[in-house]
Amino acid sequence: MMRSFASLAVAAVAALSVSQAPLAAAQTTLKVSAIPDENPTELQRKFAPLGKYLEARTGAKVEFVPVTDYAATVEGLAAKKLDMVWYGGFTFVQAAQRTQRTAIPLVQRAEDAEFKSVFITTNPSIKTLADLKGKTFTFGATASTSGHLMPRSFLLQAGIDPDKAMKRVAYSGAHDATALQVAGGKVDAGALNISVWEKMVAEKKIDPTKVRVFYTTPPYFDYNWTVRGDLDAALVAKLRQAFLDLDAKNPEHAEILKLQRASKFIPTKPENYAGIETAARSAGLLK
């Protein structure tokens with residue numbers, strides 16, 4: 001049974017160990033976080049060079065604040081304990097709702113304009129979505145766009161209600177965990193974002209001759225960097241421009257982009273996530 005976002009949010013307040021005091025108008029420390037869609041060590045590794053770059057471009061100290069779950073990032077931004085967050089599309093929709101639509105989506109990767117999820121399995125009898133009926137299955141985190149919301153939405157569009165048609169539905173908590181659970185035979189199949197899948201195959205953490213993709217979703221908007229709406233306007237402008245200035249032809253920038261799994265960053269806007277909000281309401285994941 002899925003836990004509601006409201007109940008997760010209550011736990012998130014205790015989970016987010018950040019200063020209670022709002023930042024001063026003269027911004028000296030930028031508190032940044034990210035949805036925990038991969039293990040904490042990997043998130044820290046990916047952010048470190050980007051954090052140093054943003055410090056140089058903005059003049060503010062940048063502090064990465066790890067969190068225990070997706071809801072903690074939403075509550076952190078709403079409570080002004082976090083200033084900028086790497087959100088999935090669904091979590092951004094939740095943050096926008098929680099902040100009375102004041103949260104500002106700054107930029108997204110070019111890849112996020114046409115993001116996809118993949119369904120994977122080791123079971124030779126599973127070739128289509130219809131073959132998932134009566135099987136065990138895992139999504140990622142309940143608040144994940146590419147690990148839960150959009151895969152669930154496409155299943156429902158195919159006439160498959162996972163909570164009724166499948167033998168058992170689980171939630172791994174992260175994309176890499178989903179892949180490893182499928183590879184380890186703990187579930188018949190699972191869904192995760194295509195970026196993490198390709199990364200794990202490239203790093204030989206998953207053997208594609210044993211774990212295979214049997215369905216790839218149509219494209220949708222996904223991840224973005226979002227700031228709280230009352231952050232200093234000059235700082236917001238510096239942050240946006242810093243992301244837009246990242247150039248793959250610059251060796252230092254190329255390393256940052258590689259870790260972010262991005263070719264470049266482009267501007268984004270709230271309207272890009274209207275489809276995700278509609279999907280979330282249709283799936284009963286957002287009121």
# chains A, B, ... in the order shown; residues from 1 in each chain; ligands from 1

call {"tool": "residues_around", "arguments": {"residues": "Gly89 in chain A", "least_positions_apart": "2", "cutoff": "7 Å", "atoms": "only C-alpha atoms", "output": "list in words"}}
result
Tyr87, Thr91, Phe92, Val93, Thr145, Phe221, Asp222, Tyr223, Tyr273 and Ile276 of chain A

call {"tool": "closest_atom_pairs", "arguments": {"of": "range 133-164 of chain A", "to": "range 118-123 of chain A", "cutoff": "10 Å", "atoms": "only C-alpha atoms", "output": "JSON lines"}}
result
{"residue": "A:Lys135", "atom": "CA", "partner": "A:Asn123", "partner_atom": "CA", "distance": 9.8}
{"residue": "A:Phe137", "atom": "CA", "partner": "A:Thr121", "partner_atom": "CA", "distance": 9.4}
{"residue": "A:Thr138", "atom": "CA", "partner": "A:Phe119", "partner_atom": "CA", "distance": 9.9}
{"residue": "A:Phe139", "atom": "CA", "partner": "A:Phe119", "partner_atom": "CA", "distance": 9.6}
{"residue": "A:Ser146", "atom": "CA", "partner": "A:Val118", "partner_atom": "CA", "distance": 8.7}
{"residue": "A:Gly147", "atom": "CA", "partner": "A:Val118", "partner_atom": "CA", "distance": 8.9}
{"residue": "A:Pro151", "atom": "CA", "partner": "A:Phe119", "partner_atom": "CA", "distance": 8.1}

call {"tool": "atom_distance", "arguments": {"atom1": "CA of Lys186 in chain A", "atom2": "CA of Gly159 in chain A"}}
result
25.0 Å

call {"tool": "select_by_dssp", "arguments": {"residues": "range 59-116 of chain A", "states": "alpha helix (DSSP H)", "output": "list in words"}}
result
Tyr70, Ala71, Ala72, Thr73, Val74, Glu75, Gly76, Leu77, Ala78, Gly89, Phe90, Thr91, Phe92, Val93, Gln94, Ala95, Ala96, Gln97 and Arg98 of chain A

call {"tool": "residues_around", "arguments": {"residues": "range 191-200 of chain A", "least_positions_apart": "2", "cutoff": "10 Å", "atoms": "only C-alpha atoms", "output": "PDB file with N, CA and C atoms, in the first residue's frame"}}
result
ATOM      1  N   ASP A  37      17.460   9.754  -5.545  1.00  0.00           N
ATOM      2  CA  ASP A  37      17.099   8.715  -6.506  1.00  0.00           C
ATOM      3  C   ASP A  37      18.255   7.765  -6.803  1.00  0.00           C
ATOM      4  N   GLU A  38      19.430   8.062  -6.217  1.00  0.00           N
ATOM      5  CA  GLU A  38      20.566   7.143  -6.237  1.00  0.00           C
ATOM      6  C   GLU A  38      21.151   7.126  -4.833  1.00  0.00           C
ATOM      7  N   GLU A 111      18.411  16.836 -22.129  1.00  0.00           N
ATOM      8  CA  GLU A 111      17.845  15.485 -22.167  1.00  0.00           C
ATOM      9  C   GLU A 111      16.504  15.392 -21.450  1.00  0.00           C
ATOM     10  N   PHE A 115      12.594  12.916 -21.720  1.00  0.00           N
ATOM     11  CA  PHE A 115      13.098  11.864 -20.842  1.00  0.00           C
ATOM     12  C   PHE A 115      12.261  10.596 -21.006  1.00  0.00           C
ATOM     13  N   LYS A 116      12.829   9.463 -20.626  1.00  0.00           N
ATOM     14  CA  LYS A 116      12.111   8.190 -20.770  1.00  0.00           C
ATOM     15  C   LYS A 116      12.404   7.275 -19.580  1.00  0.00           C
ATOM     16  N   SER A 117      11.526   6.323 -19.384  1.00  0.00           N
ATOM     17  CA  SER A 117      11.745   5.254 -18.414  1.00  0.00           C
ATOM     18  C   SER A 117      11.831   3.940 -19.167  1.00  0.00           C
ATOM     19  N   VAL A 118      12.520   2.980 -18.558  1.00  0.00           N
ATOM     20  CA  VAL A 118      12.602   1.653 -19.161  1.00  0.00           C
ATOM     21  C   VAL A 118      12.057   0.613 -18.181  1.00  0.00           C
ATOM     22  N   PHE A 119      11.427  -0.404 -18.725  1.00  0.00           N
ATOM     23  CA  PHE A 119      10.958  -1.556 -17.963  1.00  0.00           C
ATOM     24  C   PHE A 119      11.932  -2.699 -18.249  1.00  0.00           C
ATOM     25  N   ILE A 120      12.446  -3.317 -17.187  1.00  0.00           N
ATOM     26  CA  ILE A 120      13.475  -4.341 -17.345  1.00  0.00           C
ATOM     27  C   ILE A 120      13.071  -5.653 -16.682  1.00  0.00           C
ATOM     28  N   THR A 121      13.681  -6.752 -17.143  1.00  0.00           N
ATOM     29  CA  THR A 121      13.370  -8.064 -16.584  1.00  0.00           C
ATOM     30  C   THR A 121      14.488  -9.054 -16.896  1.00  0.00           C
ATOM     31  N   PHE A 137       6.762  -7.049  -9.178  1.00  0.00           N
ATOM     32  CA  PHE A 137       7.259  -5.850  -9.861  1.00  0.00           C
ATOM     33  C   PHE A 137       7.715  -4.824  -8.833  1.00  0.00           C
ATOM     34  N   THR A 138       8.745  -4.059  -9.190  1.00  0.00           N
ATOM     35  CA  THR A 138       9.156  -2.964  -8.311  1.00  0.00           C
ATOM     36  C   THR A 138       9.278  -1.646  -9.070  1.00  0.00           C
ATOM     37  N   PHE A 139       8.726  -0.611  -8.458  1.00  0.00           N
ATOM     38  CA  PHE A 139       8.976   0.758  -8.879  1.00  0.00           C
ATOM     39  C   PHE A 139      10.176   1.253  -8.075  1.00  0.00           C
ATOM     40  N   GLY A 140      10.543   2.536  -8.253  1.00  0.00           N
ATOM     41  CA  GLY A 140      11.609   3.122  -7.444  1.00  0.00           C
ATOM     42  C   GLY A 140      11.021   3.714  -6.180  1.00  0.00           C
ATOM     43  N   ALA A 141      11.201   5.020  -5.969  1.00  0.00           N
ATOM     44  CA  ALA A 141      10.578   5.700  -4.834  1.00  0.00           C
ATOM     45  C   ALA A 141       9.148   6.076  -5.205  1.00  0.00           C
ATOM     46  N   SER A 144       8.907   9.295  -7.164  1.00  0.00           N
ATOM     47  CA  SER A 144       9.773   9.407  -8.335  1.00  0.00           C
ATOM     48  C   SER A 144       8.954   9.546  -9.616  1.00  0.00           C
ATOM     49  N   THR A 145       9.343  10.510 -10.442  1.00  0.00           N
ATOM     50  CA  THR A 145       8.676  10.702 -11.737  1.00  0.00           C
ATOM     51  C   THR A 145       8.963   9.527 -12.662  1.00  0.00           C
ATOM     52  N   SER A 146      10.254   9.278 -12.881  1.00  0.00           N
ATOM     53  CA  SER A 146      10.654   8.270 -13.865  1.00  0.00           C
ATOM     54  C   SER A 146      10.720   6.868 -13.301  1.00  0.00           C
ATOM     55  N   GLY A 147      10.690   6.751 -11.965  1.00  0.00           N
ATOM     56  CA  GLY A 147      10.730   5.431 -11.347  1.00  0.00           C
ATOM     57  C   GLY A 147       9.386   4.943 -10.856  1.00  0.00           C
ATOM     58  N   HIS A 148       8.368   5.845 -10.865  1.00  0.00           N
ATOM     59  CA  HIS A 148       7.045   5.423 -10.409  1.00  0.00           C
ATOM     60  C   HIS A 148       5.911   6.076 -11.184  1.00  0.00           C
ATOM     61  N   MET A 150       5.428   8.061 -13.947  1.00  0.00           N
ATOM     62  CA  MET A 150       5.238   7.882 -15.382  1.00  0.00           C
ATOM     63  C   MET A 150       5.142   6.407 -15.768  1.00  0.00           C
ATOM     64  N   PRO A 151       5.963   5.506 -15.200  1.00  0.00           N
ATOM     65  CA  PRO A 151       5.730   4.082 -15.489  1.00  0.00           C
ATOM     66  C   PRO A 151       4.325   3.625 -15.099  1.00  0.00           C
ATOM     67  N   ARG A 152       3.837   4.070 -13.942  1.00  0.00           N
ATOM     68  CA  ARG A 152       2.475   3.713 -13.532  1.00  0.00           C
ATOM     69  C   ARG A 152       1.455   4.283 -14.511  1.00  0.00           C
ATOM     70  N   ALA A 174      15.025   3.682  -5.068  1.00  0.00           N
ATOM     71  CA  ALA A 174      15.967   4.364  -5.964  1.00  0.00           C
ATOM     72  C   ALA A 174      16.115   3.577  -7.262  1.00  0.00           C
ATOM     73  N   HIS A 175      16.530   4.267  -8.320  1.00  0.00           N
ATOM     74  CA  HIS A 175      16.646   3.633  -9.635  1.00  0.00           C
ATOM     75  C   HIS A 175      17.682   2.512  -9.648  1.00  0.00           C
ATOM     76  N   ASP A 176      18.856   2.773  -9.072  1.00  0.00           N
ATOM     77  CA  ASP A 176      19.895   1.745  -9.077  1.00  0.00           C
ATOM     78  C   ASP A 176      19.469   0.534  -8.256  1.00  0.00           C
ATOM     79  N   ALA A 177      18.739   0.773  -7.173  1.00  0.00           N
ATOM     80  CA  ALA A 177      18.245  -0.331  -6.356  1.00  0.00           C
ATOM     81  C   ALA A 177      17.247  -1.184  -7.139  1.00  0.00           C
ATOM     82  N   THR A 178      16.408  -0.544  -7.951  1.00  0.00           N
ATOM     83  CA  THR A 178      15.461  -1.290  -8.793  1.00  0.00           C
ATOM     84  C   THR A 178      16.206  -2.222  -9.735  1.00  0.00           C
ATOM     85  N   ALA A 179      17.210  -1.687 -10.419  1.00  0.00           N
ATOM     86  CA  ALA A 179      17.971  -2.505 -11.368  1.00  0.00           C
ATOM     87  C   ALA A 179      18.624  -3.698 -10.686  1.00  0.00           C
ATOM     88  N   LEU A 180      19.184  -3.467  -9.512  1.00  0.00           N
ATOM     89  CA  LEU A 180      19.864  -4.547  -8.793  1.00  0.00           C
ATOM     90  C   LEU A 180      18.877  -5.588  -8.271  1.00  0.00           C
ATOM     91  N   VAL A 182      16.030  -6.411  -9.740  1.00  0.00           N
ATOM     92  CA  VAL A 182      15.638  -7.219 -10.898  1.00  0.00           C
ATOM     93  C   VAL A 182      16.769  -8.178 -11.266  1.00  0.00           C
ATOM     94  N   ALA A 189      10.246  -8.025 -12.571  1.00  0.00           N
ATOM     95  CA  ALA A 189      10.494  -6.874 -13.436  1.00  0.00           C
ATOM     96  C   ALA A 189      10.465  -5.596 -12.622  1.00  0.00           C
ATOM     97  N   ALA A 202      26.891   0.876 -18.741  1.00  0.00           N
ATOM     98  CA  ALA A 202      28.211   1.370 -19.151  1.00  0.00           C
ATOM     99  C   ALA A 202      29.273   1.062 -18.102  1.00  0.00           C
ATOM    100  N   GLU A 203      28.892   1.124 -16.830  1.00  0.00           N
ATOM    101  CA  GLU A 203      29.831   0.864 -15.737  1.00  0.00           C
ATOM    102  C   GLU A 203      29.912  -0.617 -15.388  1.00  0.00           C
ATOM    103  N   LYS A 204      29.202  -1.451 -16.180  1.00  0.00           N
ATOM    104  CA  LYS A 204      29.202  -2.912 -16.016  1.00  0.00           C
ATOM    105  C   LYS A 204      28.664  -3.357 -14.656  1.00  0.00           C
ATOM    106  N   LYS A 205      27.782  -2.553 -14.087  1.00  0.00           N
ATOM    107  CA  LYS A 205      27.099  -2.951 -12.859  1.00  0.00           C
ATOM    108  C   LYS A 205      25.889  -3.824 -13.175  1.00  0.00           C
ATOM    109  N   ILE A 206      25.455  -3.767 -14.433  1.00  0.00           N
ATOM    110  CA  ILE A 206      24.354  -4.593 -14.915  1.00  0.00           C
ATOM    111  C   ILE A 206      24.794  -5.247 -16.221  1.00  0.00           C
ATOM    112  N   ASP A 207      24.492  -6.531 -16.371  1.00  0.00           N
ATOM    113  CA  ASP A 207      24.817  -7.261 -17.593  1.00  0.00           C
ATOM    114  C   ASP A 207      23.581  -7.277 -18.493  1.00  0.00           C
ATOM    115  N   PRO A 208      23.600  -6.518 -19.596  1.00  0.00           N
ATOM    116  CA  PRO A 208      22.413  -6.441 -20.458  1.00  0.00           C
ATOM    117  C   PRO A 208      22.097  -7.735 -21.197  1.00  0.00           C
ATOM    118  N   VAL A 213      15.841  -4.717 -21.426  1.00  0.00           N
ATOM    119  CA  VAL A 213      14.742  -3.760 -21.530  1.00  0.00           C
ATOM    120  C   VAL A 213      13.680  -4.362 -22.436  1.00  0.00           C
ATOM    121  N   TYR A 215      10.454  -2.732 -22.543  1.00  0.00           N
ATOM    122  CA  TYR A 215       9.551  -1.636 -22.913  1.00  0.00           C
ATOM    123  C   TYR A 215      10.193  -0.308 -22.540  1.00  0.00           C
ATOM    124  N   THR A 216      10.169   0.637 -23.470  1.00  0.00           N
ATOM    125  CA  THR A 216      10.637   1.999 -23.237  1.00  0.00           C
ATOM    126  C   THR A 216       9.459   2.944 -23.413  1.00  0.00           C
ATOM    127  N   THR A 217       9.263   3.829 -22.445  1.00  0.00           N
ATOM    128  CA  THR A 217       8.093   4.714 -22.482  1.00  0.00           C
ATOM    129  C   THR A 217       8.239   5.799 -23.544  1.00  0.00           C
ATOM    130  N   ASP A 222      11.171  15.876 -17.426  1.00  0.00           N
ATOM    131  CA  ASP A 222      11.486  15.341 -16.096  1.00  0.00           C
ATOM    132  C   ASP A 222      12.318  16.322 -15.279  1.00  0.00           C
ATOM    133  N   ARG A 261      25.222  13.873 -16.203  1.00  0.00           N
ATOM    134  CA  ARG A 261      24.668  13.137 -17.346  1.00  0.00           C
ATOM    135  C   ARG A 261      23.884  14.092 -18.257  1.00  0.00           C
ATOM    136  N   ALA A 262      24.553  15.185 -18.604  1.00  0.00           N
ATOM    137  CA  ALA A 262      23.921  16.240 -19.393  1.00  0.00           C
ATOM    138  C   ALA A 262      24.822  16.649 -20.557  1.00  0.00           C
TER     139      ALA A 262
END

call {"tool": "closest_residue", "arguments": {"among": "A:Lys167, A:Arg109, A:Lys46, A:Arg101", "to": "Leu132 in chain A", "atoms": "only C-alpha atoms"}}
result
A:Lys167

call {"tool": "closest_residue", "arguments": {"among": "A:Thr268, A:Thr226, A:Thr28, A:Ser33", "to": "Thr102 in chain A", "atoms": "only C-alpha atoms"}}
result
A:Thr226
